[in-house]
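A quick write-up on the structure given underneath.
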Amino acid sequence: MSGKKIKLAVGIGSTCEGCSVAILDLNEKILDLARLADIVYWVLALDFKLSDLEKFQEKEIDISLHHGTIRTSEHVHIAHLLREKSKALIAFGSCSCFGGIPGLCNVTNREEIFRVVYQETPSTINPGAIIPQTQIRQNGHDLTLPELHNEGRALHQVVDVDYYLPGCPPAVELIEKLIPIIKNFLETGNLPPQGTVIASEKTLCDECPLERQNKMIDKIVRPHKIIPDPKRCLLEQGILCLGPATRGGCGTKCINVLMPCRGCMGPTADVSDQGAKMIGAIASILGVEKEKDLSDAEVEKIIDQIKDPLGTFYRFTLPVASINKTFHEKGVK
Ligand code: SF4
Ligand code: SF4
Ligand code: SF4
């Protein structure tokens, strides 16, 4: 393929477009990307239509990036198109890799969302209780519109995915790693092994510059309530930091400004459920595993200090977590 450029597409699900902006954040390195790749579909960057993507032959696109959560029938259609038309498909960003923040919708369902948003919010005036429809008639034509699904899903829960590049949004240092991958593909036709996660194999704690002293804590404090020691591990100062359960590779971005990790790189290489792993780490540092020494009231008091446990432990990964099944079994679907 030497001398040629690859065809690169960027497709989306439910997205804030932060992932697209992160690609633009390559700054002058985007010129390296432009030397290697022709952008053949990317709605944020140029005036592409879905019909442009639909026209490609099977596997005609070399590499596609996908960002956003799969939330509607149109997102499913785009995911299948990208899979069919691309030689390699990369889940790009936490929404695509794990379901991301929009995946927190799985604690509720479409009916509840429509009821609250279109009928119950204080500013809503909707006497006919009208909710979004999928079949409408406009200018004499019958139209089918995208349907909101009950569930938010990661890309691999809908189609086969070749590679994962996590982060919310992915760090520029990780996006830059795509450039040699594309260059090697152009020169040799080879791509990394399927399933490769373009990030670190270590945990965030392994890459963290702050000092750990293996100290236990007796309470959890919210980040805005203390001025932390800038040299010591935040978790050992009582601030909930998801470093032990989170994959490294982001450059410890939040820690560098003394903010705790929220877990956007997703689970570490050796665990699948990031939240469960973190709950175990918290229990250990709080001494809850020795709870026979603590009274029920004491254990409860410790756990009660964690505000919004679901949003804390599964902020980016609820759709791929074991607990997601519990919501389904309870009929939240
Ligand atoms: S991963 Fe983060 S930046 Fe990317 S689309 Fe999702 S919310 Fe936005
Ligand atoms: S818990 Fe957080 S602050 Fe502590 S070492 Fe791990 S990443 Fe660093
Ligand atoms: S420190 Fe944690 S939340 Fe912050 S960018 Fe890195 S993985 Fe994401």
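By order of appearance in the structure tokens: chains A, B, ..., then residues from 1 within every chain, and ligands from 1 in the order shown.
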
Exercise. Name the residues of region 84-272 of chain A that fall into strand (DSSP E) according to DSSP on the backbone, using the chain letters and numbers of this document, as a PyMOL selection string.
Key: chain A and resi 86-92+135-138+141-144+148-153+163-165

Per residue of chain A within 9 Å of ligand 1, what are the shortest atom pair and its distance in Å to one decimal, counting only C-alpha atoms and all ligand atoms, with rows by chain and residue number, as JSON lines?
{"residue": "A:Ile12", "atom": "CA", "partner": "ligand 1", "partner_atom_place_in_ligand_line": "5 (S)", "distance": 8.4}
{"residue": "A:Gly13", "atom": "CA", "partner": "ligand 1", "partner_atom_place_in_ligand_line": "5 (S)", "distance": 8.3}
{"residue": "A:Ser14", "atom": "CA", "partner": "ligand 1", "partner_atom_place_in_ligand_line": "5 (S)", "distance": 7.2}
{"residue": "A:Thr15", "atom": "CA", "partner": "ligand 1", "partner_atom_place_in_ligand_line": "5 (S)", "distance": 4.1}
{"residue": "A:Cys16", "atom": "CA", "partner": "ligand 1", "partner_atom_place_in_ligand_line": "8 (Fe)", "distance": 4.2}
{"residue": "A:Glu17", "atom": "CA", "partner": "ligand 1", "partner_atom_place_in_ligand_line": "5 (S)", "distance": 5.1}
{"residue": "A:Gly18", "atom": "CA", "partner": "ligand 1", "partner_atom_place_in_ligand_line": "3 (S)", "distance": 3.7}
{"residue": "A:Cys19", "atom": "CA", "partner": "ligand 1", "partner_atom_place_in_ligand_line": "4 (Fe)", "distance": 4.0}
{"residue": "A:Ser20", "atom": "CA", "partner": "ligand 1", "partner_atom_place_in_ligand_line": "4 (Fe)", "distance": 7.5}
{"residue": "A:Val21", "atom": "CA", "partner": "ligand 1", "partner_atom_place_in_ligand_line": "3 (S)", "distance": 8.1}
{"residue": "A:Ala22", "atom": "CA", "partner": "ligand 1", "partner_atom_place_in_ligand_line": "3 (S)", "distance": 7.7}
{"residue": "A:His67", "atom": "CA", "partner": "ligand 1", "partner_atom_place_in_ligand_line": "5 (S)", "distance": 5.7}
{"residue": "A:Gly68", "atom": "CA", "partner": "ligand 1", "partner_atom_place_in_ligand_line": "5 (S)", "distance": 4.7}
{"residue": "A:Thr69", "atom": "CA", "partner": "ligand 1", "partner_atom_place_in_ligand_line": "6 (Fe)", "distance": 7.1}
{"residue": "A:Phe92", "atom": "CA", "partner": "ligand 1", "partner_atom_place_in_ligand_line": "1 (S)", "distance": 7.5}
{"residue": "A:Gly93", "atom": "CA", "partner": "ligand 1", "partner_atom_place_in_ligand_line": "1 (S)", "distance": 4.1}
{"residue": "A:Ser94", "atom": "CA", "partner": "ligand 1", "partner_atom_place_in_ligand_line": "1 (S)", "distance": 4.1}
{"residue": "A:Cys95", "atom": "CA", "partner": "ligand 1", "partner_atom_place_in_ligand_line": "6 (Fe)", "distance": 4.3}
{"residue": "A:Ser96", "atom": "CA", "partner": "ligand 1", "partner_atom_place_in_ligand_line": "1 (S)", "distance": 6.9}
{"residue": "A:Cys97", "atom": "CA", "partner": "ligand 1", "partner_atom_place_in_ligand_line": "1 (S)", "distance": 8.3}
{"residue": "A:Gly99", "atom": "CA", "partner": "ligand 1", "partner_atom_place_in_ligand_line": "6 (Fe)", "distance": 8.2}
{"residue": "A:Gly100", "atom": "CA", "partner": "ligand 1", "partner_atom_place_in_ligand_line": "6 (Fe)", "distance": 5.8}
{"residue": "A:Ile101", "atom": "CA", "partner": "ligand 1", "partner_atom_place_in_ligand_line": "7 (S)", "distance": 5.9}
{"residue": "A:Pro102", "atom": "CA", "partner": "ligand 1", "partner_atom_place_in_ligand_line": "7 (S)", "distance": 7.2}
{"residue": "A:Pro166", "atom": "CA", "partner": "ligand 1", "partner_atom_place_in_ligand_line": "1 (S)", "distance": 7.5}
{"residue": "A:Gly167", "atom": "CA", "partner": "ligand 1", "partner_atom_place_in_ligand_line": "1 (S)", "distance": 6.0}
{"residue": "A:Cys168", "atom": "CA", "partner": "ligand 1", "partner_atom_place_in_ligand_line": "2 (Fe)", "distance": 3.5}
{"residue": "A:Pro169", "atom": "CA", "partner": "ligand 1", "partner_atom_place_in_ligand_line": "3 (S)", "distance": 3.8}
{"residue": "A:Pro170", "atom": "CA", "partner": "ligand 1", "partner_atom_place_in_ligand_line": "1 (S)", "distance": 7.2}
{"residue": "A:Cys264", "atom": "CA", "partner": "ligand 1", "partner_atom_place_in_ligand_line": "1 (S)", "distance": 7.9}
{"residue": "A:Phe316", "atom": "CA", "partner": "ligand 1", "partner_atom_place_in_ligand_line": "1 (S)", "distance": 8.3}

Got time to write the residues from that selection, C-alpha atoms, as a short mmCIF file (atom, residue, chain, number, x, y, z; two decimals), in the first residue's frame?
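So again34.cif came out as:
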data_model
loop_
_atom_site.label_atom_id
_atom_site.label_comp_id
_atom_site.auth_asym_id
_atom_site.auth_seq_id
_atom_site.Cartn_x
_atom_site.Cartn_y
_atom_site.Cartn_z
CA ILE A 12 -20.87 8.38 16.10
CA GLY A 13 -23.48 7.24 18.58
CA SER A 14 -24.83 9.35 21.45
CA THR A 15 -21.88 11.69 21.85
CA CYS A 16 -20.91 15.05 23.28
CA GLU A 17 -18.42 15.30 20.33
CA GLY A 18 -15.61 15.76 22.86
CA CYS A 19 -13.96 12.76 21.20
CA SER A 20 -14.02 14.48 17.80
CA VAL A 21 -12.57 17.63 19.37
CA ALA A 22 -9.85 15.46 20.97
CA HIS A 67 -17.34 7.36 19.47
CA GLY A 68 -20.47 7.68 21.56
CA THR A 69 -22.93 5.29 23.23
CA PHE A 92 -12.76 5.43 20.47
CA GLY A 93 -13.48 7.01 23.86
CA SER A 94 -15.18 5.68 26.98
CA CYS A 95 -18.73 5.93 25.60
CA SER A 96 -17.89 3.61 22.74
CA CYS A 97 -15.59 1.34 24.78
CA GLY A 99 -21.08 2.78 27.36
CA GLY A 100 -19.73 5.90 29.08
CA ILE A 101 -21.68 8.58 30.90
CA PRO A 102 -24.76 8.32 28.61
CA PRO A 166 -10.41 4.62 25.96
CA GLY A 167 -10.66 7.97 27.74
CA CYS A 168 -13.26 10.69 28.16
CA PRO A 169 -12.06 12.04 25.87
CA PRO A 170 -8.97 9.99 24.93
CA CYS A 264 -12.55 7.36 32.55
CA PHE A 316 -18.17 5.33 32.63
#

Practice problem: Residues within 10 Å of ligand 3 should be enumerated using only C-alpha atoms and all ligand atoms and returned as number ranges by chain. | Solution: A: 94, 166-171, 203-205, 208, 241-243, 245-267, 316

Include N, CA, C and O atoms and write out the residues we just selected as a compact mmCIF listing (two decimals), in the first residue's frame.
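Done, and the output landed in out-v9.txt:
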# COMPACT_ATOMS: atom_id res chain seq x y z
N SER A 94 -14.53 6.53 25.97
CA SER A 94 -15.18 5.68 26.98
C SER A 94 -16.61 5.34 26.63
O SER A 94 -17.09 4.25 26.98
N PRO A 166 -9.51 4.01 24.96
CA PRO A 166 -10.41 4.62 25.96
C PRO A 166 -10.01 6.04 26.38
O PRO A 166 -8.94 6.54 26.03
N GLY A 167 -10.88 6.63 27.20
CA GLY A 167 -10.66 7.97 27.74
C GLY A 167 -11.87 8.84 27.47
O GLY A 167 -12.60 8.62 26.50
N CYS A 168 -12.08 9.81 28.33
CA CYS A 168 -13.26 10.69 28.16
C CYS A 168 -12.82 12.14 28.28
O CYS A 168 -12.92 12.73 29.32
N PRO A 169 -12.35 12.70 27.14
CA PRO A 169 -12.06 12.04 25.87
C PRO A 169 -10.68 11.38 25.94
O PRO A 169 -9.92 11.62 26.88
N PRO A 170 -10.30 10.58 24.92
CA PRO A 170 -8.97 9.99 24.93
C PRO A 170 -7.88 11.07 24.98
O PRO A 170 -8.04 12.14 24.38
N ALA A 171 -6.80 10.76 25.71
CA ALA A 171 -5.69 11.71 25.80
C ALA A 171 -5.00 11.82 24.44
O ALA A 171 -4.88 10.83 23.71
N THR A 203 -2.02 -0.16 35.93
CA THR A 203 -3.10 0.62 36.54
C THR A 203 -2.66 2.07 36.64
O THR A 203 -1.46 2.37 36.56
N LEU A 204 -3.62 2.94 36.86
CA LEU A 204 -3.26 4.36 37.02
C LEU A 204 -2.35 4.54 38.23
O LEU A 204 -1.41 5.34 38.18
N CYS A 205 -2.60 3.78 39.31
CA CYS A 205 -1.75 3.89 40.51
C CYS A 205 -0.29 3.59 40.17
O CYS A 205 0.62 4.22 40.71
N CYS A 208 1.15 6.71 38.87
CA CYS A 208 0.87 7.94 39.62
C CYS A 208 2.13 8.45 40.33
O CYS A 208 2.86 7.68 40.96
N CYS A 241 -10.44 8.10 45.00
CA CYS A 241 -9.71 8.15 43.74
C CYS A 241 -9.77 6.75 43.14
O CYS A 241 -9.44 5.77 43.81
N LEU A 242 -10.22 6.64 41.90
CA LEU A 242 -10.43 5.33 41.29
C LEU A 242 -9.16 4.74 40.65
O LEU A 242 -9.23 3.76 39.91
N GLY A 243 -8.02 5.31 40.99
CA GLY A 243 -6.75 4.84 40.43
C GLY A 243 -6.51 3.34 40.52
O GLY A 243 -6.08 2.72 39.55
N ALA A 245 -8.44 0.88 40.33
CA ALA A 245 -9.30 0.07 39.46
C ALA A 245 -9.28 0.56 38.02
O ALA A 245 -10.04 0.06 37.19
N THR A 246 -8.41 1.54 37.72
CA THR A 246 -8.48 2.20 36.41
C THR A 246 -7.21 1.96 35.60
O THR A 246 -6.10 1.98 36.13
N ARG A 247 -7.42 1.75 34.32
CA ARG A 247 -6.29 1.54 33.39
C ARG A 247 -5.48 2.83 33.25
O ARG A 247 -6.04 3.92 33.16
N GLY A 248 -4.17 2.70 33.22
CA GLY A 248 -3.31 3.87 33.02
C GLY A 248 -3.20 4.25 31.55
O GLY A 248 -3.80 3.63 30.67
N GLY A 249 -2.44 5.31 31.32
CA GLY A 249 -2.19 5.72 29.94
C GLY A 249 -2.63 7.15 29.64
O GLY A 249 -2.30 7.70 28.60
N CYS A 250 -3.40 7.75 30.58
CA CYS A 250 -3.90 9.10 30.33
C CYS A 250 -2.86 10.17 30.68
O CYS A 250 -3.10 11.36 30.46
N GLY A 251 -1.73 9.74 31.27
CA GLY A 251 -0.74 10.73 31.73
C GLY A 251 -1.10 11.27 33.10
O GLY A 251 -0.67 12.37 33.46
N THR A 252 -1.90 10.52 33.87
CA THR A 252 -2.37 10.92 35.22
C THR A 252 -2.88 12.37 35.23
O THR A 252 -2.56 13.16 36.12
N LYS A 253 -3.68 12.67 34.23
CA LYS A 253 -4.13 14.05 34.01
C LYS A 253 -4.79 14.70 35.22
O LYS A 253 -4.47 15.82 35.58
N CYS A 254 -5.73 13.98 35.84
CA CYS A 254 -6.47 14.60 36.95
C CYS A 254 -5.58 14.70 38.19
O CYS A 254 -5.58 15.72 38.89
N ILE A 255 -4.79 13.63 38.42
CA ILE A 255 -3.90 13.62 39.59
C ILE A 255 -2.92 14.78 39.51
O ILE A 255 -2.58 15.40 40.52
N ASN A 256 -2.46 15.11 38.30
CA ASN A 256 -1.47 16.18 38.14
C ASN A 256 -1.99 17.52 38.65
O ASN A 256 -1.22 18.41 38.98
N VAL A 257 -3.33 17.67 38.68
CA VAL A 257 -3.91 18.91 39.21
C VAL A 257 -4.62 18.63 40.55
O VAL A 257 -5.53 19.35 40.96
N LEU A 258 -4.17 17.54 41.20
CA LEU A 258 -4.67 17.12 42.52
C LEU A 258 -6.18 16.88 42.56
O LEU A 258 -6.83 17.15 43.57
N MET A 259 -6.71 16.40 41.45
CA MET A 259 -8.10 15.94 41.44
C MET A 259 -8.09 14.41 41.38
O MET A 259 -7.25 13.83 40.70
N PRO A 260 -9.02 13.77 42.09
CA PRO A 260 -9.02 12.30 42.08
C PRO A 260 -9.43 11.76 40.71
O PRO A 260 -10.18 12.42 39.98
N CYS A 261 -8.95 10.58 40.40
CA CYS A 261 -9.34 9.92 39.15
C CYS A 261 -10.81 9.49 39.24
O CYS A 261 -11.24 8.92 40.23
N ARG A 262 -11.56 9.76 38.18
CA ARG A 262 -12.98 9.35 38.10
C ARG A 262 -13.13 8.04 37.34
O ARG A 262 -14.23 7.56 37.16
N GLY A 263 -12.04 7.56 36.77
CA GLY A 263 -12.10 6.22 36.15
C GLY A 263 -12.37 6.19 34.66
O GLY A 263 -12.79 5.18 34.13
N CYS A 264 -12.09 7.30 33.94
CA CYS A 264 -12.55 7.36 32.55
C CYS A 264 -11.82 6.41 31.62
O CYS A 264 -12.30 6.10 30.53
N MET A 265 -10.65 5.88 32.02
CA MET A 265 -9.94 4.92 31.15
C MET A 265 -10.51 3.51 31.28
O MET A 265 -10.05 2.59 30.62
N GLY A 266 -11.48 3.35 32.16
CA GLY A 266 -12.12 2.05 32.30
C GLY A 266 -11.30 1.08 33.13
O GLY A 266 -10.28 1.44 33.73
N PRO A 267 -11.76 -0.18 33.17
CA PRO A 267 -11.12 -1.16 34.05
C PRO A 267 -9.69 -1.48 33.63
O PRO A 267 -9.32 -1.32 32.48
N PHE A 316 -18.48 5.53 34.06
CA PHE A 316 -18.17 5.33 32.63
C PHE A 316 -18.45 3.92 32.14
O PHE A 316 -18.30 3.66 30.96

Quiz prompt | Counting only C-alpha atoms, the option among A:Val221, A:Ile227, A:Cys105, A:Val320 closest to Asp304 (chain A) | solution = A:Val221

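Shell of Ile323 (chain A) at 10 Å, with only C-alpha atoms counted and residues fewer than 4 places along the chain excluded, is Asp273, Gly275, Ala276, Leu310, Tyr314, Leu318, Pro319, Phe327 and His328 of chain A.
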
Quiz item: With only C-alpha atoms and all ligand atoms as the atoms that count, which of A:Leu240, A:Val197, A:Val43, A:Leu65 lies nearest to ligand 2?
Solution: A:Leu240

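Shortest separation to Tyr41 (chain A) among A:Leu26, A:Ile78, A:Cys233, A:Ala283 occurs at residue A:Ile78, atoms counted being only C-alpha atoms.
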
Quiz item: Nearest to Ile179 (chain A): which of A:Ala9, A:Phe98, A:Asn214, A:Leu31 is it, counting only C-alpha atoms?
Solution: A:Leu31

Could you give me, as a compact mmCIF listing (two decimals) with N, CA, C and O atoms, in the first residue's frame, each residue of region 20-219 of chain A that DSSP assigns to alpha helix (DSSP H) when run on this structure's backbone?
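Below is the file that was written, result_1.txt:
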# COMPACT_ATOMS: atom_id res chain seq x y z
N SER A 20 -14.43 13.88 19.09
CA SER A 20 -14.02 14.48 17.80
C SER A 20 -13.08 15.65 18.06
O SER A 20 -12.07 15.82 17.36
N VAL A 21 -13.42 16.47 19.06
CA VAL A 21 -12.57 17.63 19.37
C VAL A 21 -11.19 17.14 19.82
O VAL A 21 -10.16 17.76 19.50
N ALA A 22 -11.14 16.01 20.53
CA ALA A 22 -9.85 15.46 20.97
C ALA A 22 -8.98 15.11 19.76
O ALA A 22 -7.76 15.27 19.81
N ILE A 23 -9.59 14.63 18.67
CA ILE A 23 -8.80 14.34 17.45
C ILE A 23 -8.23 15.65 16.90
O ILE A 23 -7.06 15.73 16.52
N LEU A 24 -9.07 16.69 16.90
CA LEU A 24 -8.59 17.99 16.41
C LEU A 24 -7.49 18.53 17.32
O LEU A 24 -6.62 19.29 16.87
N LYS A 29 0.09 17.68 14.66
CA LYS A 29 0.19 16.24 14.32
C LYS A 29 -0.97 15.81 13.43
O LYS A 29 -0.93 14.74 12.81
N ILE A 30 -2.03 16.62 13.38
CA ILE A 30 -3.15 16.27 12.50
C ILE A 30 -2.68 16.31 11.04
O ILE A 30 -3.23 15.62 10.18
N LEU A 31 -1.61 17.07 10.78
CA LEU A 31 -1.05 17.10 9.43
C LEU A 31 -0.39 15.76 9.10
O LEU A 31 -0.47 15.27 7.97
N ASP A 32 0.22 15.13 10.13
CA ASP A 32 0.78 13.78 9.92
C ASP A 32 -0.36 12.82 9.57
O ASP A 32 -0.21 11.99 8.67
N LEU A 33 -1.48 12.98 10.29
CA LEU A 33 -2.64 12.12 10.01
C LEU A 33 -3.14 12.37 8.59
O LEU A 33 -3.42 11.43 7.84
N ALA A 34 -3.19 13.66 8.21
CA ALA A 34 -3.70 14.00 6.87
C ALA A 34 -2.78 13.47 5.76
O ALA A 34 -3.23 13.16 4.66
N ARG A 35 -1.47 13.33 6.08
CA ARG A 35 -0.53 12.78 5.08
C ARG A 35 -0.77 11.29 4.87
O ARG A 35 -0.48 10.74 3.82
N LEU A 36 -1.32 10.64 5.91
CA LEU A 36 -1.49 9.18 5.85
C LEU A 36 -2.91 8.74 5.49
O LEU A 36 -3.12 7.63 5.04
N LEU A 50 -25.27 10.66 6.13
CA LEU A 50 -25.27 9.22 6.37
C LEU A 50 -25.26 8.45 5.04
O LEU A 50 -24.63 7.39 4.92
N SER A 51 -25.91 9.01 4.04
CA SER A 51 -25.95 8.34 2.73
C SER A 51 -24.54 8.20 2.14
O SER A 51 -24.28 7.28 1.38
N ASP A 52 -23.62 9.11 2.51
CA ASP A 52 -22.23 8.98 2.02
C ASP A 52 -21.60 7.71 2.58
O ASP A 52 -20.87 7.01 1.87
N LEU A 53 -21.90 7.42 3.84
CA LEU A 53 -21.34 6.20 4.47
C LEU A 53 -21.99 4.96 3.85
O LEU A 53 -21.32 3.96 3.59
N GLU A 54 -23.30 5.08 3.60
CA GLU A 54 -24.04 3.92 3.07
C GLU A 54 -23.53 3.50 1.68
O GLU A 54 -23.65 2.34 1.30
N SER A 73 -31.99 3.60 17.38
CA SER A 73 -31.97 2.70 16.21
C SER A 73 -31.00 3.23 15.15
O SER A 73 -30.36 2.45 14.45
N GLU A 74 -30.86 4.56 15.05
CA GLU A 74 -29.92 5.11 14.06
C GLU A 74 -28.47 4.79 14.46
O GLU A 74 -27.63 4.49 13.60
N HIS A 75 -28.18 4.83 15.76
CA HIS A 75 -26.83 4.48 16.21
C HIS A 75 -26.50 3.04 15.87
O HIS A 75 -25.37 2.71 15.50
N VAL A 76 -27.49 2.15 16.02
CA VAL A 76 -27.27 0.74 15.68
C VAL A 76 -26.97 0.63 14.19
O VAL A 76 -26.05 -0.09 13.77
N HIS A 77 -27.73 1.36 13.38
CA HIS A 77 -27.53 1.34 11.92
C HIS A 77 -26.12 1.82 11.58
O HIS A 77 -25.41 1.17 10.79
N ILE A 78 -25.67 2.92 12.19
CA ILE A 78 -24.33 3.45 11.92
C ILE A 78 -23.27 2.43 12.34
O ILE A 78 -22.30 2.19 11.62
N ALA A 79 -23.46 1.81 13.51
CA ALA A 79 -22.48 0.82 13.99
C ALA A 79 -22.35 -0.33 12.99
O ALA A 79 -21.25 -0.76 12.66
N HIS A 80 -23.50 -0.83 12.50
CA HIS A 80 -23.45 -1.94 11.53
C HIS A 80 -22.82 -1.49 10.22
O HIS A 80 -22.06 -2.25 9.61
N LEU A 81 -23.11 -0.26 9.79
CA LEU A 81 -22.50 0.25 8.55
C LEU A 81 -20.98 0.31 8.69
O LEU A 81 -20.24 -0.14 7.82
N LEU A 82 -20.52 0.88 9.83
CA LEU A 82 -19.07 1.00 10.04
C LEU A 82 -18.41 -0.37 10.03
O LEU A 82 -17.34 -0.57 9.45
N ARG A 83 -19.07 -1.31 10.70
CA ARG A 83 -18.50 -2.68 10.75
C ARG A 83 -18.42 -3.30 9.36
O ARG A 83 -17.41 -3.88 8.97
N GLU A 84 -19.49 -3.13 8.60
CA GLU A 84 -19.55 -3.76 7.27
C GLU A 84 -18.57 -3.11 6.29
O GLU A 84 -17.90 -3.79 5.51
N LYS A 85 -18.41 -1.79 6.39
CA LYS A 85 -17.63 -1.07 5.38
C LYS A 85 -16.14 -0.97 5.73
O LYS A 85 -15.36 -0.49 4.92
N SER A 94 -14.53 6.53 25.97
CA SER A 94 -15.18 5.68 26.98
C SER A 94 -16.61 5.34 26.63
O SER A 94 -17.09 4.25 26.98
N CYS A 95 -17.33 6.24 25.96
CA CYS A 95 -18.73 5.93 25.60
C CYS A 95 -18.78 4.73 24.68
O CYS A 95 -19.61 3.84 24.83
N SER A 96 -17.89 4.70 23.69
CA SER A 96 -17.89 3.61 22.74
C SER A 96 -17.29 2.34 23.35
O SER A 96 -17.76 1.23 23.09
N CYS A 97 -16.26 2.50 24.18
CA CYS A 97 -15.59 1.34 24.78
C CYS A 97 -16.44 0.66 25.85
O CYS A 97 -16.47 -0.56 25.94
N PHE A 98 -17.11 1.47 26.70
CA PHE A 98 -17.79 0.88 27.87
C PHE A 98 -19.25 1.35 28.03
O PHE A 98 -19.91 0.94 28.97
N ARG A 110 -37.02 4.16 28.86
CA ARG A 110 -37.52 5.19 27.93
C ARG A 110 -38.80 5.86 28.43
O ARG A 110 -38.94 7.08 28.38
N GLU A 111 -39.74 5.05 28.96
CA GLU A 111 -41.03 5.63 29.39
C GLU A 111 -40.81 6.65 30.50
O GLU A 111 -41.39 7.73 30.51
N GLU A 112 -39.95 6.29 31.46
CA GLU A 112 -39.69 7.22 32.57
C GLU A 112 -39.03 8.50 32.07
O GLU A 112 -39.36 9.60 32.51
N ILE A 113 -38.08 8.33 31.15
CA ILE A 113 -37.38 9.50 30.61
C ILE A 113 -38.38 10.41 29.89
O ILE A 113 -38.40 11.63 30.12
N PHE A 114 -39.22 9.83 29.03
CA PHE A 114 -40.19 10.64 28.30
C PHE A 114 -41.17 11.33 29.26
O PHE A 114 -41.54 12.48 29.07
N ARG A 115 -41.59 10.59 30.29
CA ARG A 115 -42.55 11.17 31.24
C ARG A 115 -41.93 12.39 31.95
O ARG A 115 -42.53 13.46 32.02
N VAL A 172 -4.54 13.02 24.13
CA VAL A 172 -3.86 13.25 22.84
C VAL A 172 -2.68 12.29 22.67
O VAL A 172 -2.44 11.76 21.59
N GLU A 173 -1.93 12.02 23.79
CA GLU A 173 -0.79 11.11 23.71
C GLU A 173 -1.20 9.73 23.21
O GLU A 173 -0.42 9.04 22.55
N LEU A 174 -2.43 9.31 23.56
CA LEU A 174 -2.90 8.00 23.09
C LEU A 174 -3.38 8.09 21.64
O LEU A 174 -3.15 7.17 20.86
N ILE A 175 -4.03 9.20 21.29
CA ILE A 175 -4.49 9.34 19.89
C ILE A 175 -3.29 9.36 18.95
O ILE A 175 -3.33 8.79 17.85
N LEU A 178 -2.08 6.28 17.21
CA LEU A 178 -2.74 5.79 15.99
C LEU A 178 -1.86 6.05 14.76
O LEU A 178 -1.94 5.32 13.77
N ILE A 179 -1.05 7.11 14.83
CA ILE A 179 -0.30 7.51 13.63
C ILE A 179 0.70 6.43 13.20
O ILE A 179 0.66 5.98 12.05
N PRO A 180 1.57 5.91 14.11
CA PRO A 180 2.43 4.80 13.69
C PRO A 180 1.67 3.54 13.31
O PRO A 180 2.11 2.77 12.45
N ILE A 181 0.51 3.32 13.95
CA ILE A 181 -0.29 2.13 13.59
C ILE A 181 -0.76 2.26 12.13
O ILE A 181 -0.65 1.31 11.34
N ILE A 182 -1.23 3.46 11.77
CA ILE A 182 -1.70 3.68 10.39
C ILE A 182 -0.52 3.59 9.43
O ILE A 182 -0.61 2.99 8.35
N LYS A 183 0.63 4.18 9.84
CA LYS A 183 1.82 4.17 8.97
C LYS A 183 2.26 2.72 8.71
O LYS A 183 2.51 2.33 7.57
N ASN A 184 2.28 1.92 9.76
CA ASN A 184 2.67 0.52 9.60
C ASN A 184 1.68 -0.23 8.71
O ASN A 184 2.07 -1.06 7.88
N PHE A 185 0.41 0.09 8.86
CA PHE A 185 -0.61 -0.55 8.02
C PHE A 185 -0.39 -0.20 6.55
O PHE A 185 -0.47 -1.06 5.67
N LEU A 186 -0.04 1.08 6.30
CA LEU A 186 0.23 1.51 4.92
C LEU A 186 1.44 0.79 4.33
O LEU A 186 1.44 0.37 3.17
N GLU A 187 2.47 0.64 5.18
CA GLU A 187 3.73 0.07 4.67
C GLU A 187 3.71 -1.45 4.57
O GLU A 187 4.31 -2.03 3.67
N THR A 188 3.02 -2.09 5.52
CA THR A 188 3.10 -3.57 5.58
C THR A 188 1.75 -4.26 5.43
O THR A 188 1.70 -5.47 5.24
N LEU A 204 -3.62 2.94 36.86
CA LEU A 204 -3.26 4.36 37.02
C LEU A 204 -2.35 4.54 38.23
O LEU A 204 -1.41 5.34 38.18
N CYS A 205 -2.60 3.78 39.31
CA CYS A 205 -1.75 3.89 40.51
C CYS A 205 -0.29 3.59 40.17
O CYS A 205 0.62 4.22 40.71
N ASP A 206 -0.08 2.62 39.25
CA ASP A 206 1.30 2.27 38.88
C ASP A 206 2.01 3.45 38.22
O ASP A 206 3.23 3.51 38.21
N GLU A 207 1.25 4.35 37.63
CA GLU A 207 1.86 5.48 36.90
C GLU A 207 1.76 6.79 37.67
O GLU A 207 2.21 7.83 37.20

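Closest approach to ligand 2 from the set A:Leu8, A:Leu234, A:Ile125, A:Ile239 is made by A:Leu234, with distances taken over only C-alpha atoms and all ligand atoms.
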
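Ranking A:Pro209, A:Gly311, A:Pro223, A:Gly103 by their shortest atom-to-atom distance to ligand 2, with only C-alpha atoms and all ligand atoms included, puts A:Pro209 first.
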
Self-check item: Separation of atom 6 (Fe, counted along the ligand's line) of ligand 2 from CA of Thr326 (chain A), in Å and rounded to one decimal
Solution: 29.1 Å

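Across the structure, CA of Pro192 (chain A) and CA of Asp25 (chain A) are spaced 24.1 Å apart.
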
Quiz prompt | Close residues, Glu147 (chain A) itself excluded, 9 Å, only C-alpha atoms, min 6 positions apart in chain, as an NGL selection string | solution = :A and (71-74 or 132-134)

The selected residues should be written to file as a PDB file, in the first residue's frame (atoms: C-alpha atoms).
ATOM      1  CA  ARG A  71     -28.665   4.662  22.299  1.00  0.00           C
ATOM      2  CA  THR A  72     -30.994   4.775  19.254  1.00  0.00           C
ATOM      3  CA  SER A  73     -31.975   2.702  16.211  1.00  0.00           C
ATOM      4  CA  GLU A  74     -29.918   5.108  14.065  1.00  0.00           C
ATOM      5  CA  PRO A 132     -41.507  11.831  20.558  1.00  0.00           C
ATOM      6  CA  GLN A 133     -42.924   9.631  17.792  1.00  0.00           C
ATOM      7  CA  THR A 134     -41.068   7.384  15.390  1.00  0.00           C
TER       8      THR A 134
END

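Rounded to one decimal, CA of Thr121 (chain A) and CA of Arg315 (chain A) lie 24.2 Å from each other.
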